[in-house]
Each structure stands twice: as C-alpha cells, then as structure tokens.
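K.L.:
Pasting query.cif below, which is mmCIF, C-alpha atoms; chains and numbers go by the auth columns.
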data_entry
#
loop_
_atom_site.group_PDB
_atom_site.id
_atom_site.type_symbol
_atom_site.label_atom_id
_atom_site.label_comp_id
_atom_site.label_asym_id
_atom_site.label_seq_id
_atom_site.Cartn_x
_atom_site.Cartn_y
_atom_site.Cartn_z
_atom_site.B_iso_or_equiv
_atom_site.auth_seq_id
_atom_site.auth_asym_id
ATOM 1 C CA MET A 1 107.935 63.521 -191.772 0.00 1 Y
ATOM 2 C CA ALA A 2 108.413 64.660 -195.396 0.00 2 Y
ATOM 3 C CA GLN A 3 104.713 65.478 -195.678 0.00 3 Y
ATOM 4 C CA ALA A 4 104.913 67.527 -192.467 0.00 4 Y
ATOM 5 C CA ARG A 5 107.891 69.486 -193.801 0.00 5 Y
ATOM 6 C CA PHE A 6 106.046 70.074 -197.051 0.00 6 Y
ATOM 7 C CA ARG A 7 103.009 71.472 -195.270 0.00 7 Y
ATOM 8 C CA THR A 8 105.260 73.726 -193.197 0.00 8 Y
ATOM 9 C CA MET A 9 106.792 75.074 -196.389 0.00 9 Y
ATOM 10 C CA VAL A 10 103.318 75.700 -197.817 0.00 10 Y
ATOM 11 C CA VAL A 11 102.353 77.732 -194.748 0.00 11 Y
ATOM 12 C CA LEU A 12 105.565 79.773 -194.815 0.00 12 Y
ATOM 13 C CA LEU A 13 105.233 80.534 -198.521 0.00 13 Y
ATOM 14 C CA ALA A 14 101.486 81.160 -198.502 0.00 14 Y
ATOM 15 C CA PRO A 15 101.963 84.977 -198.620 0.00 15 Y
ATOM 16 C CA LEU A 16 103.462 84.560 -202.084 0.00 16 Y
ATOM 17 C CA ILE A 17 100.227 82.962 -203.283 0.00 17 Y
ATOM 18 C CA PHE A 18 97.941 85.532 -201.702 0.00 18 Y
ATOM 19 C CA GLY A 19 100.198 88.273 -202.993 0.00 19 Y
ATOM 20 C CA GLY A 20 99.461 87.178 -206.543 0.00 20 Y
ATOM 21 C CA CYS A 21 102.937 85.658 -207.104 0.00 21 Y
ATOM 22 C CA GLU A 22 101.996 82.028 -207.599 0.00 22 Y
ATOM 23 C CA SER A 23 104.690 81.536 -210.234 0.00 23 Y
ATOM 24 C CA THR A 24 107.250 82.729 -207.668 0.00 24 Y
ATOM 25 C CA TYR A 25 105.753 80.319 -205.162 0.00 25 Y
ATOM 26 C CA TYR A 26 106.151 77.395 -207.582 0.00 26 Y
ATOM 27 C CA SER A 27 109.719 78.369 -208.381 0.00 27 Y
ATOM 28 C CA THR A 28 110.602 78.669 -204.707 0.00 28 Y
ATOM 29 C CA MET A 29 109.010 75.328 -203.870 0.00 29 Y
ATOM 30 C CA GLU A 30 110.859 73.667 -206.739 0.00 30 Y
ATOM 31 C CA SER A 31 114.138 75.013 -205.368 0.00 31 Y
ATOM 32 C CA PHE A 32 113.350 72.980 -202.240 0.00 32 Y
ATOM 33 C CA GLY A 33 112.606 69.876 -204.285 0.00 33 Y
ATOM 34 C CA TYR A 34 108.801 70.159 -204.334 0.00 34 Y
ATOM 35 C CA HIS A 35 107.542 70.240 -207.887 0.00 35 Y
ATOM 36 C CA LYS A 36 104.121 71.140 -209.278 0.00 36 Y
ATOM 37 C CA ARG A 37 103.115 67.485 -209.338 0.00 37 Y
ATOM 38 C CA ASP A 38 103.804 67.222 -205.588 0.00 38 Y
ATOM 39 C CA ILE A 39 101.883 70.439 -204.958 0.00 39 Y
ATOM 40 C CA LEU A 40 98.948 69.151 -207.021 0.00 40 Y
ATOM 41 C CA VAL A 41 98.736 65.946 -204.977 0.00 41 Y
ATOM 42 C CA ASP A 42 98.940 67.908 -201.729 0.00 42 Y
ATOM 43 C CA ARG A 43 96.211 70.313 -202.831 0.00 43 Y
ATOM 44 C CA VAL A 44 93.934 67.474 -203.919 0.00 44 Y
ATOM 45 C CA GLU A 45 94.390 65.942 -200.465 0.00 45 Y
ATOM 46 C CA ASP A 46 93.536 69.299 -198.871 0.00 46 Y
ATOM 47 C CA ALA A 47 90.434 69.651 -201.067 0.00 47 Y
ATOM 48 C CA MET A 48 89.373 66.121 -200.192 0.00 48 Y
ATOM 49 C CA GLU A 49 89.822 66.848 -196.480 0.00 49 Y
ATOM 50 C CA SER A 50 87.734 70.015 -196.811 0.00 50 Y
ATOM 51 C CA GLN A 51 84.961 68.127 -198.576 0.00 51 Y
ATOM 52 C CA GLU A 52 84.906 65.492 -195.846 0.00 52 Y
ATOM 53 C CA GLU A 53 84.667 68.220 -193.194 0.00 53 Y
ATOM 54 C CA ALA A 54 81.977 70.076 -195.146 0.00 54 Y
ATOM 55 C CA LYS A 55 79.997 66.868 -195.568 0.00 55 Y
ATOM 56 C CA ALA A 56 80.021 66.356 -191.805 0.00 56 Y
ATOM 57 C CA GLU A 57 78.995 69.989 -191.189 0.00 57 Y
ATOM 58 C CA PHE A 58 76.069 69.797 -193.618 0.00 58 Y
ATOM 59 C CA GLU A 59 74.866 66.518 -192.111 0.00 59 Y
ATOM 60 C CA ASN A 60 75.100 68.023 -188.624 0.00 60 Y
ATOM 61 C CA ALA A 61 73.253 71.164 -189.717 0.00 61 Y
ATOM 62 C CA PHE A 62 70.440 69.167 -191.303 0.00 62 Y
ATOM 63 C CA GLU A 63 70.010 67.117 -188.126 0.00 63 Y
ATOM 64 C CA LYS A 64 69.626 70.331 -186.171 0.00 64 Y
ATOM 65 C CA PHE A 65 67.179 71.786 -188.666 0.00 65 Y
ATOM 66 C CA SER A 66 65.163 68.557 -188.598 0.00 66 Y
ATOM 67 C CA SER A 67 64.925 68.600 -184.815 0.00 67 Y
ATOM 68 C CA VAL A 68 63.545 72.131 -184.695 0.00 68 Y
ATOM 69 C CA VAL A 69 59.986 70.938 -185.316 0.00 69 Y
ATOM 70 C CA SER A 70 59.918 69.192 -181.930 0.00 70 Y
ATOM 71 C CA VAL A 71 61.383 72.053 -179.900 0.00 71 Y
ATOM 72 C CA PRO A 72 59.061 73.634 -177.292 0.00 72 Y
ATOM 73 C CA PRO A 73 58.491 77.407 -177.607 0.00 73 Y
ATOM 74 C CA SER A 74 60.506 78.067 -174.445 0.00 74 Y
ATOM 75 C CA GLU A 75 63.654 76.751 -176.184 0.00 75 Y
ATOM 76 C CA LEU A 76 63.245 78.516 -179.518 0.00 76 Y
ATOM 77 C CA GLN A 77 65.822 81.220 -178.807 0.00 77 Y
ATOM 78 C CA ASP A 78 68.491 78.668 -177.937 0.00 78 Y
ATOM 79 C CA THR A 79 67.455 76.610 -180.954 0.00 79 Y
ATOM 80 C CA TYR A 80 67.779 79.595 -183.260 0.00 80 Y
ATOM 81 C CA GLU A 81 71.289 80.313 -181.961 0.00 81 Y
ATOM 82 C CA SER A 82 72.281 76.680 -182.431 0.00 82 Y
ATOM 83 C CA LEU A 83 70.909 76.622 -185.992 0.00 83 Y
ATOM 84 C CA ASN A 84 72.616 79.893 -186.848 0.00 84 Y
ATOM 85 C CA GLU A 85 75.926 78.505 -185.620 0.00 85 Y
ATOM 86 C CA ALA A 86 75.417 75.329 -187.683 0.00 86 Y
ATOM 87 C CA PHE A 87 74.616 77.417 -190.753 0.00 87 Y
ATOM 88 C CA GLU A 88 77.685 79.626 -190.307 0.00 88 Y
ATOM 89 C CA ASP A 89 79.931 76.573 -189.830 0.00 89 Y
ATOM 90 C CA SER A 90 78.527 75.008 -193.009 0.00 90 Y
ATOM 91 C CA GLU A 91 78.982 78.247 -194.937 0.00 91 Y
ATOM 92 C CA ALA A 92 82.602 78.563 -193.778 0.00 92 Y
ATOM 93 C CA LYS A 93 83.377 74.983 -194.819 0.00 93 Y
ATOM 94 C CA ALA A 94 81.727 75.550 -198.201 0.00 94 Y
ATOM 95 C CA GLU A 95 83.943 78.583 -198.791 0.00 95 Y
ATOM 96 C CA GLN A 96 87.011 76.554 -197.837 0.00 96 Y
ATOM 97 C CA VAL A 97 86.025 73.807 -200.278 0.00 97 Y
ATOM 98 C CA SER A 98 85.681 76.354 -203.096 0.00 98 Y
ATOM 99 C CA ASP A 99 89.051 77.929 -202.305 0.00 99 Y
ATOM 100 C CA ARG A 100 90.805 74.576 -202.309 0.00 100 Y
ATOM 101 C CA ILE A 101 89.217 73.477 -205.585 0.00 101 Y
ATOM 102 C CA ASP A 102 90.433 76.761 -207.067 0.00 102 Y
ATOM 103 C CA SER A 103 93.946 75.951 -205.857 0.00 103 Y
ATOM 104 C CA VAL A 104 93.814 72.479 -207.420 0.00 104 Y
ATOM 105 C CA GLU A 105 92.706 73.989 -210.720 0.00 105 Y
ATOM 106 C CA SER A 106 95.447 76.616 -210.590 0.00 106 Y
ATOM 107 C CA VAL A 107 98.370 74.289 -209.996 0.00 107 Y
ATOM 108 C CA SER A 108 97.086 71.685 -212.466 0.00 108 Y
ATOM 109 C CA GLN A 109 96.955 74.337 -215.196 0.00 109 Y
ATOM 110 C CA ALA A 110 100.495 75.468 -214.355 0.00 110 Y
ATOM 111 C CA LEU A 111 101.710 71.859 -214.357 0.00 111 Y
ATOM 112 C CA PHE A 112 100.148 71.007 -217.710 0.00 112 Y
ATOM 113 C CA ASP A 113 101.307 74.249 -219.348 0.00 113 Y
ATOM 114 C CA GLU A 114 104.859 73.480 -218.257 0.00 114 Y
ATOM 115 C CA TRP A 115 104.585 69.848 -219.371 0.00 115 Y
ATOM 116 C CA SER A 116 103.268 70.865 -222.793 0.00 116 Y
ATOM 117 C CA LYS A 117 106.116 73.310 -223.355 0.00 117 Y
ATOM 118 C CA GLU A 118 108.719 70.762 -222.256 0.00 118 Y
ATOM 119 C CA ILE A 119 107.358 68.152 -224.675 0.00 119 Y
ATOM 120 C CA ASP A 120 108.385 70.419 -227.545 0.00 120 Y
ATOM 121 C CA LEU A 121 111.973 70.238 -226.291 0.00 121 Y
ATOM 122 C CA ILE A 122 112.132 66.431 -226.619 0.00 122 Y
ATOM 123 C CA LYS A 123 113.986 65.570 -229.811 0.00 123 Y
ATOM 124 C CA ASP A 124 113.264 61.843 -229.900 0.00 124 Y
ATOM 125 C CA SER A 125 109.904 61.432 -231.686 0.00 125 Y
ATOM 126 C CA GLY A 126 108.991 58.243 -229.818 0.00 126 Y
ATOM 127 C CA LEU A 127 109.643 59.754 -226.393 0.00 127 Y
ATOM 128 C CA ARG A 128 107.882 62.959 -227.408 0.00 128 Y
ATOM 129 C CA ALA A 129 104.784 61.041 -228.519 0.00 129 Y
ATOM 130 C CA SER A 130 104.778 58.948 -225.333 0.00 130 Y
ATOM 131 C CA SER A 131 105.025 62.018 -223.130 0.00 131 Y
ATOM 132 C CA ALA A 132 102.216 63.687 -225.092 0.00 132 Y
ATOM 133 C CA ARG A 133 99.979 60.663 -224.498 0.00 133 Y
ATOM 134 C CA GLN A 134 100.779 60.734 -220.781 0.00 134 Y
ATOM 135 C CA LEU A 135 99.971 64.441 -220.668 0.00 135 Y
ATOM 136 C CA LYS A 136 96.641 63.892 -222.398 0.00 136 Y
ATOM 137 C CA ALA A 137 95.728 61.103 -219.964 0.00 137 Y
ATOM 138 C CA SER A 138 96.734 63.211 -216.959 0.00 138 Y
ATOM 139 C CA VAL A 139 94.733 66.205 -218.192 0.00 139 Y
ATOM 140 C CA ARG A 140 91.691 64.001 -218.701 0.00 140 Y
ATOM 141 C CA GLN A 141 92.017 62.413 -215.261 0.00 141 Y
ATOM 142 C CA THR A 142 92.528 65.743 -213.493 0.00 142 Y
ATOM 143 C CA ASN A 143 89.673 67.445 -215.347 0.00 143 Y
ATOM 144 C CA ASP A 144 87.396 64.553 -214.421 0.00 144 Y
ATOM 145 C CA LEU A 145 88.304 65.039 -210.766 0.00 145 Y
ATOM 146 C CA ILE A 146 87.784 68.798 -210.920 0.00 146 Y
ATOM 147 C CA ARG A 147 84.378 68.323 -212.587 0.00 147 Y
ATOM 148 C CA ALA A 148 83.337 66.001 -209.764 0.00 148 Y
ATOM 149 C CA MET A 149 84.534 68.518 -207.200 0.00 149 Y
ATOM 150 C CA ARG A 150 82.737 71.383 -208.933 0.00 150 Y
ATOM 151 C CA LEU A 151 79.524 69.384 -209.125 0.00 151 Y
ATOM 152 C CA ALA A 152 79.606 68.752 -205.378 0.00 152 Y
ATOM 153 C CA GLU A 153 80.475 72.420 -204.854 0.00 153 Y
ATOM 154 C CA SER A 154 77.445 73.508 -206.904 0.00 154 Y
ATOM 155 C CA ARG A 155 75.138 71.438 -204.688 0.00 155 Y
ATOM 156 C CA MET A 156 76.202 73.335 -201.591 0.00 156 Y
ATOM 157 C CA GLU A 157 74.818 76.756 -202.533 0.00 157 Y
ATOM 158 C CA PRO A 158 71.115 75.746 -202.762 0.00 158 Y
ATOM 159 C CA VAL A 159 71.345 73.967 -199.411 0.00 159 Y
ATOM 160 C CA LEU A 160 73.070 76.957 -197.822 0.00 160 Y
ATOM 161 C CA ASN A 161 70.389 79.260 -199.231 0.00 161 Y
ATOM 162 C CA THR A 162 67.667 77.122 -197.655 0.00 162 Y
ATOM 163 C CA PHE A 163 69.508 76.948 -194.327 0.00 163 Y
ATOM 164 C CA ARG A 164 69.901 80.718 -194.408 0.00 164 Y
ATOM 165 C CA ASP A 165 66.166 81.146 -195.121 0.00 165 Y
ATOM 166 C CA TYR A 166 65.296 78.933 -192.150 0.00 166 Y
ATOM 167 C CA VAL A 167 67.644 80.771 -189.810 0.00 167 Y
ATOM 168 C CA LEU A 168 66.377 84.214 -190.778 0.00 168 Y
ATOM 169 C CA TYR A 169 62.737 83.131 -190.687 0.00 169 Y
ATOM 170 C CA LEU A 170 63.148 81.755 -187.182 0.00 170 Y
ATOM 171 C CA LYS A 171 65.028 84.863 -186.124 0.00 171 Y
ATOM 172 C CA HIS A 172 62.066 86.986 -187.190 0.00 172 Y
ATOM 173 C CA ASN A 173 59.375 84.605 -185.903 0.00 173 Y
ATOM 174 C CA LEU A 174 60.413 82.835 -182.713 0.00 174 Y
ATOM 175 C CA ASN A 175 57.102 81.116 -182.096 0.00 175 Y
ATOM 176 C CA ALA A 176 55.445 77.726 -182.472 0.00 176 Y
ATOM 177 C CA ARG A 177 53.533 78.785 -185.585 0.00 177 Y
ATOM 178 C CA ALA A 178 56.774 79.589 -187.393 0.00 178 Y
ATOM 179 C CA VAL A 179 58.218 76.199 -186.476 0.00 179 Y
ATOM 180 C CA ALA A 180 55.088 74.447 -187.707 0.00 180 Y
ATOM 181 C CA SER A 181 55.252 76.274 -191.035 0.00 181 Y
ATOM 182 C CA LEU A 182 58.799 74.991 -191.592 0.00 182 Y
ATOM 183 C CA LYS A 183 57.874 71.377 -190.972 0.00 183 Y
ATOM 184 C CA GLY A 184 56.493 70.915 -194.477 0.00 184 Y
ATOM 185 C CA GLU A 185 59.740 72.131 -196.010 0.00 185 Y
ATOM 186 C CA LEU A 186 61.941 69.433 -194.491 0.00 186 Y
ATOM 187 C CA ALA A 187 61.318 66.814 -197.168 0.00 187 Y
ATOM 188 C CA GLY A 188 62.659 69.105 -199.879 0.00 188 Y
ATOM 189 C CA VAL A 189 65.676 70.045 -197.801 0.00 189 Y
ATOM 190 C CA GLU A 190 66.388 66.394 -197.058 0.00 190 Y
ATOM 191 C CA ALA A 191 66.383 65.615 -200.786 0.00 191 Y
ATOM 192 C CA ASP A 192 68.804 68.472 -201.484 0.00 192 Y
ATOM 193 C CA VAL A 193 71.126 67.421 -198.664 0.00 193 Y
ATOM 194 C CA SER A 194 70.992 63.800 -199.830 0.00 194 Y
ATOM 195 C CA SER A 195 72.023 64.828 -203.362 0.00 195 Y
ATOM 196 C CA LEU A 196 74.800 66.978 -201.932 0.00 196 Y
ATOM 197 C CA ILE A 197 76.156 64.156 -199.771 0.00 197 Y
ATOM 198 C CA THR A 198 76.031 61.700 -202.683 0.00 198 Y
ATOM 199 C CA ASP A 199 77.985 64.055 -204.939 0.00 199 Y
ATOM 200 C CA MET A 200 80.496 64.881 -202.213 0.00 200 Y
ATOM 201 C CA GLU A 201 81.117 61.211 -201.529 0.00 201 Y
ATOM 202 C CA ALA A 202 81.651 60.601 -205.260 0.00 202 Y
ATOM 203 C CA SER A 203 84.093 63.518 -205.416 0.00 203 Y
ATOM 204 C CA ILE A 204 85.958 62.321 -202.315 0.00 204 Y
ATOM 205 C CA SER A 205 86.214 58.836 -203.805 0.00 205 Y
ATOM 206 C CA LYS A 206 87.679 60.237 -207.041 0.00 206 Y
ATOM 207 C CA ALA A 207 90.146 62.339 -205.073 0.00 207 Y
ATOM 208 C CA LYS A 208 91.328 59.312 -203.110 0.00 208 Y
ATOM 209 C CA ALA A 209 91.832 57.341 -206.327 0.00 209 Y
ATOM 210 C CA PHE A 210 93.682 60.279 -207.903 0.00 210 Y
ATOM 211 C CA VAL A 211 96.065 60.628 -204.977 0.00 211 Y
ATOM 212 C CA SER A 212 96.644 56.878 -204.835 0.00 212 Y
ATOM 213 C CA GLU A 213 97.571 56.779 -208.511 0.00 213 Y
ATOM 214 C CA MET A 214 99.815 59.838 -208.348 0.00 214 Y
ATOM 215 C CA GLU A 215 101.799 58.747 -205.298 0.00 215 Y
#
Would you mind giving the structure from this file in structure tokens?

P.N.:
Amino acid sequence: MAQARFRTMVVLLAPLIFGGCESTYYSTMESFGYHKRDILVDRVEDAMESQEEAKAEFENAFEKFSSVVSVPPSELQDTYESLNEAFEDSEAKAEQVSDRIDSVESVSQALFDEWSKEIDLIKDSGLRASSARQLKASVRQTNDLIRAMRLAESRMEPVLNTFRDYVLYLKHNLNARAVASLKGELAGVEADVSSLITDMEASISKAKAFVSEME
C-alpha cells in the first residue's frame, strides 16, 4: 500500500522533474516523508523493471529476425511489418532504460551531496568518521550498480543499429534474394544479442541486490 502511494506521488509530481525543478521535487517529496534514499530505491527498481522488459523485447526481436530466413516470398511484406514493430518496441524500451538510469544517477548524486554536507555538521568526531565511511561505501556500491547499468545500456545501441539495418534493407528489397543475403549475418547478431542479455542479467542481478540491501 505504501509503495502504491509512493508511486502515485511520483506520477503527480513528475511535472516538477520535467520542468527542470528536481530540487523542488525532492523537497516536496520529503515533506510527505519520502526522502532521497527512498526515491533512489524506487528508481533503481524502475530501472531494473525497464531492463527486464527491454531484455524480453530484444530476445523477441531476435527470434523474429532469425525466423525471417525461412519466410516464403509471399509473406515478406507481413514479415517486414512484424520486424519493424519488434525493432520499434526494442528501441522504445532502450530509451526508457536510458531515461531511468539517468534518473538513478541524478537522485544518487543529490543524496550523496546532501549526505556529504550534513557530515560536516556532526560535531562528534567518531560519529562523523563513521558516517563518512558509510557514505564512501554507499557511493562505491551505487557507482558499481550504475556502471553495470551503463554497460548493459551501451550494448543496446549496436544491436538496435543492426536491427534497423535489417528492417530498412528488407523494406527496400522485399524478395527472396534479400532474405538470403541476411542469413549470413545472423551469427554476428546472435553474438551481440547474447552479450547484451548477459550484461543486462548482470545489471538486473546487481539492482536486486542493491534494493535488498537498502530496504
């Protein structure tokens, strides 16, 4: 129930983010009892969800691209439309993944900047040193997660470029010869998709561990 209310608040206050007033957004959320740490966890969960959805879209798209070599000429138009739809779905999910990684990076920076400034206000040297160590560990853990997410993100663009090439080539050459010429390219695409899936799974695993530790 609390998570549902939180997500509702995020939706209602989203215009503040898109309007370039993220600091106002954080302040408003904190007035409702949702601090930057809570927002960070929620955004990591959103990024993880997007990566899982993107992973499924890329796997689905590759299956469709792989099957094109066995399609009879009479079905090429329908096949092209199906591939184009798969490509556009994959591209949309990739953009969503990038946006959500950006949001994780943004709130983590705001959180750590605030934490660092507040450490200076702690008068007790022992408590100040302990908080500084916790901050350092949290920065390291979050940066490790973001690096994993960015690595998976970087793998998407080459695959999307290849999918786009296939779609446009078929659009311009809806014939059996065009399909045959693409057959030799599948092995390379499969390797790229395999690397992408591996990196996305590693990133998703790190995100799950991060959320589990923060909750």

K.L.:
Output, as lines of an AutoDock Vina configuration file, the centre and edge lengths in Å (one decimal) of the axis-aligned box that contains all listed atoms of stretch 77-81 of chain Y with 5 Å of margin on each side.

P.N.:
center_x = 68.6
center_y = 78.9
center_z = -180.6
size_x = 15.5
size_y = 14.6
size_z = 15.3

K.L.:
Write out as an MDAnalysis selection string which residues come within 10 Å of Y:Ser195 when counting all atoms listed in the file, dropping same-chain ones fewer than 4 positions away.

P.N.:
chainID Y and resid 152 155:156 159 189:191 199:201

K.L.:
Please determine, counting only C-alpha atoms, which residue among Y:Tyr26, Y:Trp115, Y:Phe65, Y:Phe58 has the shortest atom-to-atom distance to Y:Ser90.

P.N.:
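Selected residue with least distance to Y:Ser90: Y:Phe58.
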
K.L.:
Atom CA of Y:Ser106 and atom CA of Y:Phe87, how far apart in Å?

P.N.:
28.8 Å

K.L.:
What gap, in Å, lies between atom CA of Y:Ala187 and atom CA of Y:Lys64?

P.N.:
14.2 Å

K.L.:
May I ask which of the residues Y:Arg37, Y:Met48, Y:Asp192, Y:Ser205 is the closest one to Y:Ala110, counting all atoms listed in the file?

P.N.:
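Checking each of Y:Arg37, Y:Met48, Y:Asp192, Y:Ser205 against Y:Ala110, counting all atoms listed in the file, the winner is Y:Arg37.
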
K.L.:
Under the rule that only C-alpha atoms are counted, which of Y:Leu196, Y:Ala207, Y:Leu145, Y:Leu182 is the nearest residue to Y:Asp165?

P.N.:
Y:Leu182

K.L.:
Could you tell me which of Y:Lys36, Y:Glu153, Y:Tyr80, Y:Ala209 comes closest to Y:Asp113 if we count all atoms listed in the file?

P.N.:
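Checking each of Y:Lys36, Y:Glu153, Y:Tyr80, Y:Ala209 against Y:Asp113, counting all atoms listed in the file, the winner is Y:Lys36.
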
K.L.:
Show which residues sit within 12 Å of Y:Lys208, as a list in words. Count only C-alpha atoms, and ignore same-chain residues fewer than 3 positions away.

P.N.:
Val41, Asp42, Val44, Glu45, Asp46, Ala47, Met48, Glu49, Gln51, Glu52, Leu145, Glu201, Ala202, Ser203, Ile204, Ser205, Val211, Ser212, Glu213, Met214 and Glu215 of chain Y

K.L.:
For each of Y:Phe210, Y:Tyr25, Y:Phe62, Y:Tyr166, take the minimum atom-to-atom distance to Y:Ala178, counting only C-alpha atoms, then give the residue where this is smallest.

P.N.:
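Comparing Y:Phe210, Y:Tyr25, Y:Phe62, Y:Tyr166 against Y:Ala178, the winner is Y:Tyr166.
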
K.L.:
Quick one, how far is atom CA of Y:Asp38 from atom CA of Y:Ser108?

P.N.:
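Here the two named atoms are 10.6 Å from each other.
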